[in-house]
$ cat protein_34.txt   # compact mmCIF, C-alpha atoms
# COMPACT_ATOMS: atom_id res chain seq x y z
CA MET L 1 -33.30 48.42 -10.94
CA TRP L 2 -32.78 49.67 -14.50
CA PHE L 3 -31.88 46.10 -15.48
CA ARG L 4 -35.28 44.95 -14.22
CA MET L 5 -37.15 47.76 -16.04
CA LEU L 6 -35.23 47.03 -19.25
CA VAL L 7 -35.99 43.33 -19.05
CA MET L 8 -39.68 44.02 -18.37
CA LYS L 9 -39.94 46.33 -21.37
CA LEU L 10 -38.05 44.05 -23.74
CA SER L 11 -39.91 41.01 -22.52
CA SER L 12 -43.25 42.71 -23.14
CA THR L 13 -42.21 43.48 -26.70
CA ALA L 14 -40.90 39.95 -27.24
CA ALA L 15 -44.13 38.49 -25.90
CA GLN L 16 -46.19 40.50 -28.39
CA GLN L 17 -44.00 39.44 -31.32
CA SER L 18 -43.36 35.81 -30.41
CA PRO L 19 -45.73 33.14 -31.77
CA ALA L 20 -45.20 31.26 -28.53
CA ALA L 21 -46.86 34.07 -26.63
CA SER L 22 -50.26 32.88 -27.80
CA ALA L 23 -49.65 29.39 -26.40
CA ALA L 24 -50.95 28.45 -22.99
CA PRO L 25 -48.50 29.72 -20.35
CA LEU L 26 -46.81 27.25 -17.99
CA TYR L 27 -47.61 28.48 -14.49
CA ALA L 28 -45.40 27.75 -11.49
CA GLY L 29 -46.56 25.02 -9.14
CA PRO L 30 -45.72 24.62 -5.42
CA ALA L 31 -42.43 22.87 -6.20
CA ASP L 32 -41.39 25.24 -9.00
CA VAL L 33 -39.45 28.51 -9.02
CA ALA L 34 -41.72 31.40 -10.04
CA CYS L 35 -40.68 34.13 -12.49
CA ASP L 36 -39.72 37.36 -10.68
CA PHE L 37 -40.93 39.56 -13.59
CA CYS L 38 -44.42 38.13 -13.98
CA THR L 39 -47.28 40.05 -12.36
CA GLY L 40 -50.71 38.99 -11.27
CA ALA L 41 -52.02 36.31 -8.97
CA ARG L 42 -50.36 33.49 -10.91
CA ARG L 43 -46.78 33.71 -12.13
CA ARG L 44 -45.15 31.62 -14.82
CA LYS L 45 -42.57 28.93 -14.12
CA ALA L 46 -38.97 30.21 -14.25
CA LEU L 47 -36.54 28.40 -16.55
CA MET L 48 -33.28 30.15 -15.60
CA SER L 49 -31.93 32.36 -12.83
CA CYS L 50 -29.57 35.29 -13.49
CA LEU L 51 -26.72 35.71 -10.99
CA THR L 52 -26.24 39.32 -12.13
CA CYS L 53 -29.86 40.47 -11.98
CA LEU L 54 -30.48 38.20 -8.97
CA ALA L 55 -33.80 37.24 -10.53
CA SER L 56 -35.44 34.19 -12.09
CA CYS L 57 -37.07 34.39 -15.54
CA CYS L 58 -39.77 32.48 -17.38
CA GLU L 59 -39.41 31.70 -21.10
CA THR L 60 -40.82 35.09 -22.11
CA HIS L 61 -38.84 37.26 -19.69
CA LEU L 62 -35.68 35.28 -20.42
CA GLN L 63 -35.53 36.37 -24.09
CA PRO L 64 -33.70 39.72 -23.48
CA HIS L 65 -30.79 37.76 -21.96
CA TYR L 66 -30.39 36.04 -25.30
CA ASN L 67 -30.99 39.07 -27.53
CA VAL L 68 -29.62 42.18 -25.78
CA PRO L 69 -25.79 42.41 -25.96
CA VAL L 70 -25.35 43.84 -22.45
CA LEU L 71 -27.59 41.12 -20.98
CA LYS L 72 -25.84 38.34 -22.88
CA LYS L 73 -22.85 38.84 -20.56
CA HIS L 74 -24.90 37.92 -17.50
CA LYS L 75 -24.37 34.49 -15.91
CA LEU L 76 -27.40 32.21 -16.15
CA VAL L 77 -27.97 29.05 -14.14
CA PRO L 78 -30.93 26.63 -13.95
CA ALA L 79 -33.79 28.19 -12.04
CA THR L 80 -33.17 28.16 -8.29
CA ASP L 81 -34.90 29.68 -5.28
CA LYS L 82 -31.59 29.85 -3.40
CA LEU L 83 -30.02 32.83 -5.17
CA GLN L 84 -29.44 34.67 -1.90
CA GLU L 85 -27.34 31.78 -0.58
CA LYS L 86 -24.87 32.44 -3.41
CA MET L 87 -24.45 36.06 -2.34
CA CYS L 88 -22.08 37.48 0.27
CA SER L 89 -24.11 38.62 3.29
CA SER L 90 -21.65 41.47 3.96
CA HIS L 91 -21.34 42.98 0.46
CA ASN L 92 -24.32 41.45 -1.41
CA LYS L 93 -21.92 40.31 -4.15
CA LEU L 94 -21.69 36.91 -5.81
CA MET L 95 -19.38 34.59 -3.87
CA GLU L 96 -16.87 33.71 -6.59
CA VAL L 97 -13.79 33.35 -4.35
CA PHE L 98 -12.84 30.60 -1.87
CA CYS L 99 -10.73 31.39 1.21
CA ARG L 100 -8.59 28.34 1.99
CA THR L 101 -7.39 29.91 5.22
CA ASP L 102 -10.92 30.04 6.69
CA GLN L 103 -12.40 27.32 4.45
CA GLN L 104 -15.37 29.37 3.25
CA ALA L 105 -16.78 30.97 0.09
CA ILE L 106 -16.46 34.79 -0.11
CA CYS L 107 -16.87 37.61 -2.64
CA TYR L 108 -14.02 39.58 -4.21
CA LEU L 109 -14.61 42.54 -1.83
CA CYS L 110 -13.99 40.22 1.15
CA THR L 111 -10.43 39.68 -0.14
CA MET L 112 -9.80 43.37 0.47
CA ASP L 113 -11.50 43.38 3.85
CA GLU L 114 -11.62 40.76 6.60
CA HIS L 115 -9.93 38.11 4.41
CA LYS L 116 -7.08 40.34 3.25
CA GLY L 117 -3.79 38.44 3.04
CA HIS L 118 -5.46 35.02 3.24
CA ASP L 119 -4.80 32.11 0.92
CA THR L 120 -7.58 32.59 -1.66
CA VAL L 121 -8.42 31.09 -5.05
CA SER L 122 -11.38 31.28 -7.37
CA ALA L 123 -14.36 29.15 -6.44
CA ALA L 124 -13.98 27.32 -9.75
CA ALA L 125 -10.33 26.48 -8.98
CA GLU L 126 -11.26 25.19 -5.53
CA LYS L 127 -14.00 23.04 -7.04
CA ALA L 128 -11.51 21.61 -9.53
CA GLU L 129 -9.10 20.78 -6.69
CA LYS L 130 -11.86 19.22 -4.60
CA GLN L 131 -12.96 17.27 -7.68
CA LYS L 132 -9.48 15.75 -7.91
CA GLN L 133 -9.64 14.74 -4.25
CA LEU L 134 -13.12 13.33 -4.82
CA VAL L 135 -11.86 11.20 -7.70
CA THR L 136 -9.04 9.91 -5.52
CA SER L 137 -11.49 9.07 -2.72
CA GLN L 138 -13.80 7.35 -5.18
CA GLU L 139 -10.91 5.26 -6.49
CA GLU L 140 -9.87 4.29 -2.96
CA VAL L 141 -13.43 3.32 -2.02
CA GLN L 142 -13.83 1.39 -5.28
CA GLN L 143 -10.60 -0.47 -4.57
CA LYS L 144 -11.83 -1.37 -1.08
CA ILE L 145 -15.13 -2.53 -2.55
CA GLN L 146 -13.28 -4.84 -4.94
CA GLU L 147 -11.13 -6.16 -2.08
CA LYS L 148 -14.20 -6.85 0.06
CA LYS L 149 -15.95 -8.54 -2.86
CA LYS L 150 -12.94 -10.80 -3.31
CA GLU L 151 -12.91 -11.61 0.43
CA LEU L 152 -16.60 -12.47 0.31
CA LYS L 153 -16.10 -14.57 -2.82
CA ASP L 154 -13.24 -16.49 -1.17
CA LEU L 155 -15.27 -17.07 1.99
CA ARG L 156 -18.28 -18.27 -0.01
CA GLN L 157 -16.01 -20.67 -1.91
CA ILE L 158 -14.72 -21.98 1.41
CA LEU L 159 -18.30 -22.37 2.62
CA GLU L 160 -19.27 -24.16 -0.60
CA ALA L 161 -16.30 -26.49 -0.29
CA LEU L 162 -17.22 -27.14 3.35
CA ASN L 163 -20.81 -27.90 2.40
CA THR L 164 -19.67 -30.25 -0.40
CA ALA L 165 -17.24 -32.09 1.88
CA THR L 166 -19.85 -32.31 4.63
CA ALA L 167 -22.47 -33.71 2.22
CA ALA L 168 -20.02 -36.41 0.99
CA LEU L 169 -19.16 -37.33 4.55
CA LEU L 170 -22.84 -37.50 5.46
CA ARG L 171 -23.55 -39.88 2.56
CA GLN L 172 -20.59 -42.06 3.50
CA GLN L 173 -21.65 -42.24 7.13
CA GLU L 174 -25.25 -43.04 6.15
CA GLN L 175 -24.05 -45.89 3.90
CA THR L 176 -21.88 -47.23 6.71
CA LEU L 177 -24.82 -47.03 9.09
CA ASP L 178 -27.03 -48.98 6.65
CA GLN L 179 -24.41 -51.74 6.36
CA LEU L 180 -24.04 -51.97 10.12
CA GLU L 181 -27.79 -52.18 10.63
CA ARG L 182 -28.06 -54.99 8.01
CA ARG L 183 -25.23 -56.91 9.70
CA HIS L 184 -26.88 -56.41 13.07
CA ALA L 185 -30.13 -57.87 11.69
CA GLU L 186 -28.27 -60.91 10.29
CA LEU L 187 -26.56 -61.48 13.61
CA GLU L 188 -29.87 -61.09 15.44
CA GLU L 189 -31.48 -63.66 13.12
CA LEU L 190 -28.59 -66.06 13.70
CA SER L 191 -28.86 -65.73 17.46
CA ASN L 192 -32.48 -66.91 17.24
CA THR L 193 -31.63 -70.01 15.14
CA GLU L 194 -32.25 -73.23 17.17
CA ASP L 195 -30.95 -75.74 14.61
CA ILE L 196 -27.34 -76.49 15.61
CA ILE L 197 -25.98 -77.37 12.15
CA THR L 198 -27.64 -74.37 10.53
CA PHE L 199 -26.30 -72.10 13.28
CA ILE L 200 -22.73 -73.39 12.86
CA GLN L 201 -22.77 -73.13 9.06
CA SER L 202 -24.33 -69.64 9.09
CA PHE L 203 -21.88 -68.47 11.74
CA GLN L 204 -18.91 -69.65 9.66
CA SER L 205 -20.35 -67.90 6.61
CA LEU L 206 -20.80 -64.60 8.48
CA SER L 207 -17.31 -64.91 10.02
CA SER L 208 -15.63 -65.46 6.66
CA SER L 209 -17.21 -62.30 5.18
CA THR L 210 -15.59 -58.91 5.62
CA GLY L 211 -15.74 -57.40 9.03
CA SER L 212 -17.62 -54.33 10.09
CA PRO L 213 -17.55 -51.59 7.44
CA VAL L 214 -14.84 -49.02 8.03
CA SER L 215 -15.35 -45.26 7.52
CA PRO L 216 -13.41 -42.16 8.65
CA SER L 217 -14.01 -41.17 12.23
CA VAL L 218 -15.80 -37.90 12.79
CA VAL L 219 -15.26 -35.98 16.03
CA VAL L 220 -18.29 -33.85 16.87
CA CYS L 221 -19.94 -32.50 19.96
CA PRO L 222 -22.03 -35.11 21.80
CA LEU L 223 -25.41 -35.35 20.07
CA ARG L 224 -28.44 -37.54 20.65
CA SER L 225 -28.71 -38.74 17.05
CA PHE L 226 -27.16 -38.38 13.61
CA THR L 227 -30.08 -36.17 12.66
CA ASP L 228 -28.71 -33.65 15.15
CA VAL L 229 -25.54 -33.47 13.04
CA THR L 230 -27.46 -32.37 9.96
CA ASP L 231 -29.39 -29.84 12.01
CA VAL L 232 -26.18 -28.37 13.42
CA MET L 233 -24.55 -28.21 9.99
CA SER L 234 -27.62 -26.48 8.57
CA ALA L 235 -27.57 -23.94 11.40
CA LEU L 236 -23.83 -23.41 10.90
CA ARG L 237 -24.39 -22.72 7.21
CA ASP L 238 -27.06 -20.14 8.04
CA GLN L 239 -24.75 -18.47 10.55
CA LEU L 240 -21.90 -18.32 8.03
CA ASP L 241 -24.21 -16.85 5.39
CA ASN L 242 -25.32 -14.22 7.88
CA LEU L 243 -21.68 -13.52 8.75
CA LEU L 244 -20.79 -13.01 5.09
CA THR L 245 -23.71 -10.75 4.23
CA THR L 246 -24.20 -8.62 7.35
CA THR L 247 -21.79 -9.08 10.23
CA TRP L 248 -18.51 -9.36 8.31
CA PRO L 249 -18.64 -5.86 6.70
CA GLN L 250 -19.21 -4.38 10.18
CA ILE L 251 -16.36 -6.15 11.97
CA SER L 252 -13.80 -6.38 9.17
CA ASN L 253 -12.61 -2.84 9.84
CA ARG L 254 -12.09 -3.59 13.55
CA VAL L 255 -10.54 -7.05 13.53
CA CYS L 256 -6.99 -7.65 12.25
CA ALA L 257 -7.09 -10.44 9.68
CA VAL L 258 -4.35 -13.08 9.58
CA ASP L 259 -1.82 -12.28 6.85
CA VAL L 260 -1.30 -15.55 5.01
CA ASP L 261 1.23 -13.96 2.67
CA ASP L 262 2.69 -11.18 4.79
CA PRO L 263 4.77 -8.98 2.44
CA ALA L 264 8.46 -8.73 3.16
CA GLU L 265 9.93 -5.66 4.84
CA PRO L 266 10.91 -2.99 2.27
CA GLN L 267 14.61 -2.68 1.51
CA THR L 268 14.99 -0.02 -1.18
CA ARG L 269 13.35 3.37 -1.58
CA LYS L 270 11.29 1.89 -4.40
CA ASP L 271 10.00 -0.73 -1.97
CA PHE L 272 9.08 1.97 0.56
CA LEU L 273 7.31 4.14 -2.03
CA GLN L 274 4.74 1.41 -2.70
CA TYR L 275 3.32 2.23 0.75
CA SER L 276 3.04 5.97 0.03
CA CYS L 277 -0.37 7.52 0.58
CA PRO L 278 -1.90 10.99 0.03
CA LEU L 279 -1.43 13.22 3.08
CA SER L 280 -2.62 16.77 3.80
CA LEU L 281 -2.04 19.08 6.77
CA ASP L 282 -5.04 19.87 8.95
CA MET L 283 -6.06 23.55 9.11
CA ASN L 284 -7.83 22.90 12.44
CA THR L 285 -4.54 21.99 14.18
CA ILE L 286 -2.08 24.50 12.69
CA ASN L 287 -0.38 27.03 14.96
CA ARG L 288 -1.17 30.71 14.31
CA TYR L 289 2.42 31.49 13.25
CA LEU L 290 2.24 29.01 10.37
CA SER L 291 0.42 29.00 7.03
CA LEU L 292 -0.35 26.29 4.48
CA SER L 293 0.08 26.06 0.71
CA GLU L 294 0.76 23.53 -2.07
CA GLU L 295 -2.51 21.65 -1.58
CA LYS L 296 -2.04 21.79 2.21
CA ARG L 297 1.25 19.90 2.01
CA LYS L 298 3.62 22.82 2.66
CA VAL L 299 3.86 24.75 5.94
CA THR L 300 5.60 28.15 6.12
CA VAL L 301 6.67 30.31 9.07
CA THR L 302 4.85 33.67 8.88
CA PRO L 303 5.50 36.96 10.74
CA PRO L 304 2.03 37.93 12.01
CA GLN L 305 -0.42 35.75 13.86
CA GLN L 306 -2.82 34.20 11.36
CA PRO L 307 -6.47 34.95 12.20
CA TYR L 308 -7.42 31.30 12.57
CA PRO L 309 -10.57 30.67 14.61
CA ASP L 310 -10.24 29.20 18.09
CA ASN L 311 -10.20 25.42 17.99
CA ALA L 312 -9.62 22.82 20.71
CA GLU L 313 -7.43 20.83 18.30
CA ARG L 314 -5.13 23.76 17.47
CA PHE L 315 -1.55 23.90 18.81
CA ASP L 316 -1.59 27.16 20.81
CA GLU L 317 1.99 27.52 22.05
CA TYR L 318 4.27 25.70 19.61
CA SER L 319 4.65 25.97 15.83
CA GLN L 320 3.24 22.55 15.04
CA VAL L 321 0.58 21.00 12.79
CA LEU L 322 -0.91 17.52 12.27
CA CYS L 323 -2.13 15.75 9.16
CA THR L 324 -5.81 15.15 8.55
CA GLU L 325 -5.32 11.43 7.92
CA GLY L 326 -5.00 8.87 10.71
CA LEU L 327 -2.85 5.85 9.75
CA SER L 328 -3.41 2.29 10.96
CA GLU L 329 -1.70 0.21 8.25
CA ARG L 330 1.68 0.07 6.52
CA ARG L 331 2.46 3.60 5.34
CA TYR L 332 5.48 5.64 4.17
CA TRP L 333 5.94 9.38 3.68
CA GLU L 334 8.78 11.92 3.32
CA VAL L 335 9.28 15.45 4.68
CA GLU L 336 11.58 18.04 3.04
CA ARG L 337 12.72 20.99 5.20
CA THR L 338 14.48 24.29 4.63
CA VAL L 339 14.27 25.26 8.30
CA ARG L 340 17.31 24.77 10.52
CA GLU L 341 15.41 22.60 12.98
CA ALA L 342 12.27 20.53 12.37
CA HIS L 343 10.38 17.89 14.33
CA ILE L 344 9.08 14.99 12.23
CA ALA L 345 6.49 13.24 14.37
CA VAL L 346 3.53 10.90 14.70
CA CYS L 347 0.99 11.01 17.51
CA TYR L 348 -2.42 9.91 18.65
CA LYS L 349 -5.37 12.24 18.03
CA ASP L 350 -5.62 13.17 21.72
CA THR L 351 -1.98 14.19 22.19
CA ASN L 352 -1.30 17.27 24.35
CA ARG L 353 -1.95 20.40 22.22
CA ARG L 354 0.12 22.59 24.56
CA ALA L 355 3.30 20.51 24.47
CA VAL L 356 6.16 19.78 22.06
CA PHE L 357 5.95 16.60 20.02
CA GLY L 358 7.46 13.72 22.01
CA SER L 359 6.70 15.24 25.42
CA ASP L 360 4.03 12.66 26.32
CA ASP L 361 3.43 8.94 25.82
CA LYS L 362 1.11 9.67 22.89
CA SER L 363 3.66 11.13 20.48
CA TRP L 364 6.96 10.07 18.90
CA SER L 365 9.27 12.67 17.33
CA LEU L 366 12.57 12.88 15.44
CA ARG L 367 14.22 16.29 16.00
CA CYS L 368 16.30 17.10 12.91
CA HIS L 369 18.86 19.87 13.46
CA SER L 370 21.67 21.08 11.23
CA THR L 371 24.13 19.61 13.77
CA GLY L 372 22.45 16.23 14.36
CA CYS L 373 19.29 14.29 15.22
CA TRP L 374 17.56 13.30 18.48
CA PHE L 375 14.59 11.01 19.05
CA ARG L 376 12.06 11.95 21.74
CA HIS L 377 9.18 10.02 23.35
CA ASN L 378 7.52 10.70 26.70
CA SER L 379 10.09 13.51 27.30
CA VAL L 380 13.04 11.09 26.96
CA ASP L 381 15.67 12.20 24.39
CA THR L 382 17.93 9.75 22.56
CA LYS L 383 20.87 10.90 20.43
CA VAL L 384 20.68 9.49 16.91
CA SER L 385 23.78 8.85 14.81
CA GLY L 386 23.76 9.06 11.05
CA PRO L 387 23.91 11.57 8.19
CA VAL L 388 21.81 14.73 8.49
CA SER L 389 19.70 15.22 5.35
CA SER L 390 17.11 17.83 4.44
CA ARG L 391 14.70 15.01 3.58
CA VAL L 392 13.49 12.46 6.14
CA GLY L 393 11.49 9.33 5.30
CA VAL L 394 9.10 7.78 7.83
CA TYR L 395 7.97 4.14 7.63
CA LEU L 396 5.10 2.90 9.80
CA ASP L 397 3.93 -0.69 10.23
CA HIS L 398 1.07 -0.05 12.65
CA LYS L 399 0.13 -3.70 13.10
CA ALA L 400 3.72 -4.78 13.80
CA GLY L 401 4.30 -1.78 16.09
CA THR L 402 7.28 -0.55 14.04
CA LEU L 403 8.15 3.12 13.42
CA SER L 404 11.37 3.93 11.51
CA PHE L 405 13.01 7.19 10.41
CA TYR L 406 15.37 7.36 7.41
CA SER L 407 17.75 9.96 6.03
CA VAL L 408 16.91 10.20 2.32
CA SER L 409 19.48 11.35 -0.25
CA ASP L 410 21.00 9.23 -3.00
CA THR L 411 20.51 6.32 -0.64
CA MET L 412 18.34 5.63 2.39
CA THR L 413 20.04 5.44 5.79
CA LEU L 414 18.18 4.18 8.84
CA LEU L 415 18.38 6.74 11.68
CA HIS L 416 16.16 5.26 14.37
CA THR L 417 13.55 2.50 14.86
CA VAL L 418 10.88 2.19 17.52
CA GLN L 419 9.30 -1.15 18.44
CA THR L 420 6.13 -0.83 20.51
CA THR L 421 2.38 -1.50 20.46
CA PHE L 422 0.17 1.15 18.87
CA THR L 423 -3.38 1.23 20.23
CA GLN L 424 -4.82 4.06 18.10
CA PRO L 425 -4.41 5.45 14.57
CA LEU L 426 -1.31 7.64 14.22
CA TYR L 427 -1.38 11.16 12.73
CA PRO L 428 1.82 12.48 11.05
CA GLY L 429 2.94 15.88 12.34
CA ILE L 430 5.50 18.62 11.61
CA GLY L 431 7.03 21.15 14.03
CA LEU L 432 9.27 24.08 13.02
CA TRP L 433 11.91 25.45 15.42
CA ALA L 434 14.84 27.90 15.44
CA CYS L 435 13.47 29.28 12.20
CA ASP L 436 13.22 32.50 10.22
CA TYR L 437 10.18 33.92 8.49
CA GLY L 438 9.70 32.12 5.20
CA ASP L 439 11.29 28.84 6.36
CA THR L 440 9.32 25.81 5.21
CA ALA L 441 8.73 22.09 5.60
CA GLU L 442 6.77 20.09 3.04
CA LEU L 443 5.14 16.68 2.74
CA CYS L 444 6.75 15.36 -0.42
CA LYS L 445 4.29 14.14 -3.05
CA THR L 446 5.57 10.58 -3.40
CA TRP L 447 2.20 8.96 -4.10

$ encode --input "protein_34.txt" --output "structure tokens"
Amino acid sequence: MWFRMLVMKLSSTAAQQSPAASAAPLYAGPADVACDFCTGARRRKALMSCLTCLASCCETHLQPHYNVPVLKKHKLVPATDKLQEKMCSSHNKLMEVFCRTDQQAICYLCTMDEHKGHDTVSAAAEKAEKQKQLVTSQEEVQQKIQEKKKELKDLRQILEALNTATAALLRQQEQTLDQLERRHAELEELSNTEDIITFIQSFQSLSSSTGSPVSPSVVVCPLRSFTDVTDVMSALRDQLDNLLTTTWPQISNRVCAVDVDDPAEPQTRKDFLQYSCPLSLDMNTINRYLSLSEEKRKVTVTPPQQPYPDNAERFDEYSQVLCTEGLSERRYWEVERTVREAHIAVCYKDTNRRAVFGSDDKSWSLRCHSTGCWFRHNSVDTKVSGPVSSRVGVYLDHKAGTLSFYSVSDTMTLLHTVQTTFTQPLYPGIGLWACDYGDTAELCKTW
């Protein structure tokens, strides 16, 4: 309150001394933010809002924030009528902290209250992190745009070549037709000749000339006339244009295109790493005895139950978590573990949330233990031979139906390969077993 009284007093003095005070005031319209310090039926238009005073100021009432030392420390933002939305409803403090555990903005008092012990950062830090993710998403979308533009360009070139070839063929066939019709007229005229000598001489002349003109055969659907061919080709061109401009962008994400130059299977770790992609663990699926860190790539076993909200996608009974990203192309990722036993898995989105990875026909899991490895799918366990490493690489070729697990150290050793048909996108998952508090597993940042 004393801030408001001070600003009112100083603003009144500044208004009397300022030459601008005599100028016509700029009053707030229906779409403007009105000054909170102005009185009377009409209030001036606010230029800035103060997050400390929780008030908006016109040019006159804003001057103390520029002149008074104690007010200079206040945080000003462009005038907004949504100041209350920036304040914590519980403590009426500015929300300057972001709780990554609950994915919401909070004030600093919340970190000592209901969000105590949560993974929290400043709102500015969270924005910076989200900005990085936004840039990555923009780059991925831009890359896809360029790929689609190239596809459209190639298809239009094919269409242009088809139109050019069709036009040449049409001209050739028309010329052939003209020659045939002229020859038919000559033969018709000869058949009506009554003079015997003239008939014989003309017949010999026509016989000694070249035969019927030859042109490439064209196999088309039965049509009544050649005009029908041009009509069909014109309609086909219109359909292809429509396919390129409207239909193709809609179906290209659902139809598997033919790979003319299908890349070879990777052999070295460098080859595998070219299929790396950004992955992050999904807070909505994580079990309550696990917590996330390192940009949601690292999962840690924690003593108390985390106060995560109820969610149908959350694993209730087992210490497991899925990634946010669903994979439907060639992809490779690595998992590093400190826990004695970890399950490295992939599964469909609708896998059983109350079962261990590999217990149904919608999940595939490699159980990595300090004494060995086992592969599980649909509750069937298969012993896997090979070196036991703390780092496991997973290679997925969704289209080919191939899923392979590798032990990664100085070299890559194949542990197990699955050959099947995947009908849905696959979500990478991690499960922690036989563990102590503080044990971890982490999605390695290979991208």

$ closest_atom_pairs --input "protein_34.txt" --of "range 28-118 of chain L" --to "range 279-300 of chain L" --cutoff "10 Å" --atoms "only C-alpha atoms" --output "tab-separated table"
residue	atom	partner	partner_atom	distance
L:Arg100	CA	L:Leu292	CA	8.8
L:Thr101	CA	L:Met283	CA	7.6
L:Asp102	CA	L:Met283	CA	8.5
L:Gln103	CA	L:Met283	CA	8.7
L:His118	CA	L:Ser291	CA	9.2

$ closest_residue --input "protein_34.txt" --among "L:Thr440, L:Glu181, L:Ile430, L:Gly386" --to "His416 in chain L" --atoms "only C-alpha atoms"
L:Gly386

$ residues_around --input "protein_34.txt" --residues "range 359-370 of chain L" --least-positions-apart "5" --cutoff "9 Å" --atoms "only C-alpha atoms" --output "count of residues only"
32

$ decode --input "protein_34.txt" --residues "range 150-165 of chain L" --atoms "N, CA and C atoms" --output "mmCIF file, in the first residue's frame"
data_model
loop_
_atom_site.group_PDB
_atom_site.id
_atom_site.type_symbol
_atom_site.label_atom_id
_atom_site.label_comp_id
_atom_site.auth_asym_id
_atom_site.auth_seq_id
_atom_site.Cartn_x
_atom_site.Cartn_y
_atom_site.Cartn_z
ATOM 1 N N LYS L 150 11.236 -31.662 -51.788
ATOM 2 C CA LYS L 150 11.999 -32.416 -52.776
ATOM 3 C C LYS L 150 11.138 -33.524 -53.400
ATOM 4 N N GLU L 151 10.344 -34.209 -52.537
ATOM 5 C CA GLU L 151 9.459 -35.253 -53.067
ATOM 6 C C GLU L 151 8.467 -34.669 -54.067
ATOM 7 N N LEU L 152 7.882 -33.522 -53.710
ATOM 8 C CA LEU L 152 6.928 -32.889 -54.620
ATOM 9 C C LEU L 152 7.604 -32.445 -55.914
ATOM 10 N N LYS L 153 8.838 -31.911 -55.796
ATOM 11 C CA LYS L 153 9.572 -31.490 -56.984
ATOM 12 C C LYS L 153 9.848 -32.685 -57.899
ATOM 13 N N ASP L 154 10.272 -33.809 -57.304
ATOM 14 C CA ASP L 154 10.558 -35.008 -58.095
ATOM 15 C C ASP L 154 9.295 -35.516 -58.782
ATOM 16 N N LEU L 155 8.176 -35.520 -58.035
ATOM 17 C CA LEU L 155 6.928 -36.006 -58.626
ATOM 18 C C LEU L 155 6.451 -35.092 -59.749
ATOM 19 N N ARG L 156 6.616 -33.778 -59.564
ATOM 20 C CA ARG L 156 6.219 -32.850 -60.627
ATOM 21 C C ARG L 156 7.099 -33.021 -61.865
ATOM 22 N N GLN L 157 8.396 -33.318 -61.634
ATOM 23 C CA GLN L 157 9.278 -33.570 -62.778
ATOM 24 C C GLN L 157 8.851 -34.823 -63.531
ATOM 25 N N ILE L 158 8.450 -35.847 -62.740
ATOM 26 C CA ILE L 158 7.950 -37.073 -63.372
ATOM 27 C C ILE L 158 6.690 -36.765 -64.179
ATOM 28 N N LEU L 159 5.792 -35.972 -63.579
ATOM 29 C CA LEU L 159 4.560 -35.608 -64.273
ATOM 30 C C LEU L 159 4.861 -34.815 -65.536
ATOM 31 N N GLU L 160 5.829 -33.887 -65.449
ATOM 32 C CA GLU L 160 6.192 -33.092 -66.617
ATOM 33 C C GLU L 160 6.764 -33.965 -67.723
ATOM 34 N N ALA L 161 7.636 -34.917 -67.309
ATOM 35 C CA ALA L 161 8.205 -35.835 -68.290
ATOM 36 C C ALA L 161 7.115 -36.698 -68.927
ATOM 37 N N LEU L 162 6.158 -37.133 -68.098
ATOM 38 C CA LEU L 162 5.045 -37.936 -68.614
ATOM 39 C C LEU L 162 4.215 -37.133 -69.601
ATOM 40 N N ASN L 163 3.942 -35.873 -69.258
ATOM 41 C CA ASN L 163 3.167 -35.022 -70.161
ATOM 42 C C ASN L 163 3.907 -34.791 -71.479
ATOM 43 N N THR L 164 5.239 -34.558 -71.380
ATOM 44 C CA THR L 164 6.035 -34.337 -72.599
ATOM 45 C C THR L 164 6.034 -35.572 -73.479
ATOM 46 N N ALA L 165 6.268 -36.759 -72.857
ATOM 47 C CA ALA L 165 6.283 -37.995 -73.627
ATOM 48 C C ALA L 165 4.916 -38.268 -74.252
#
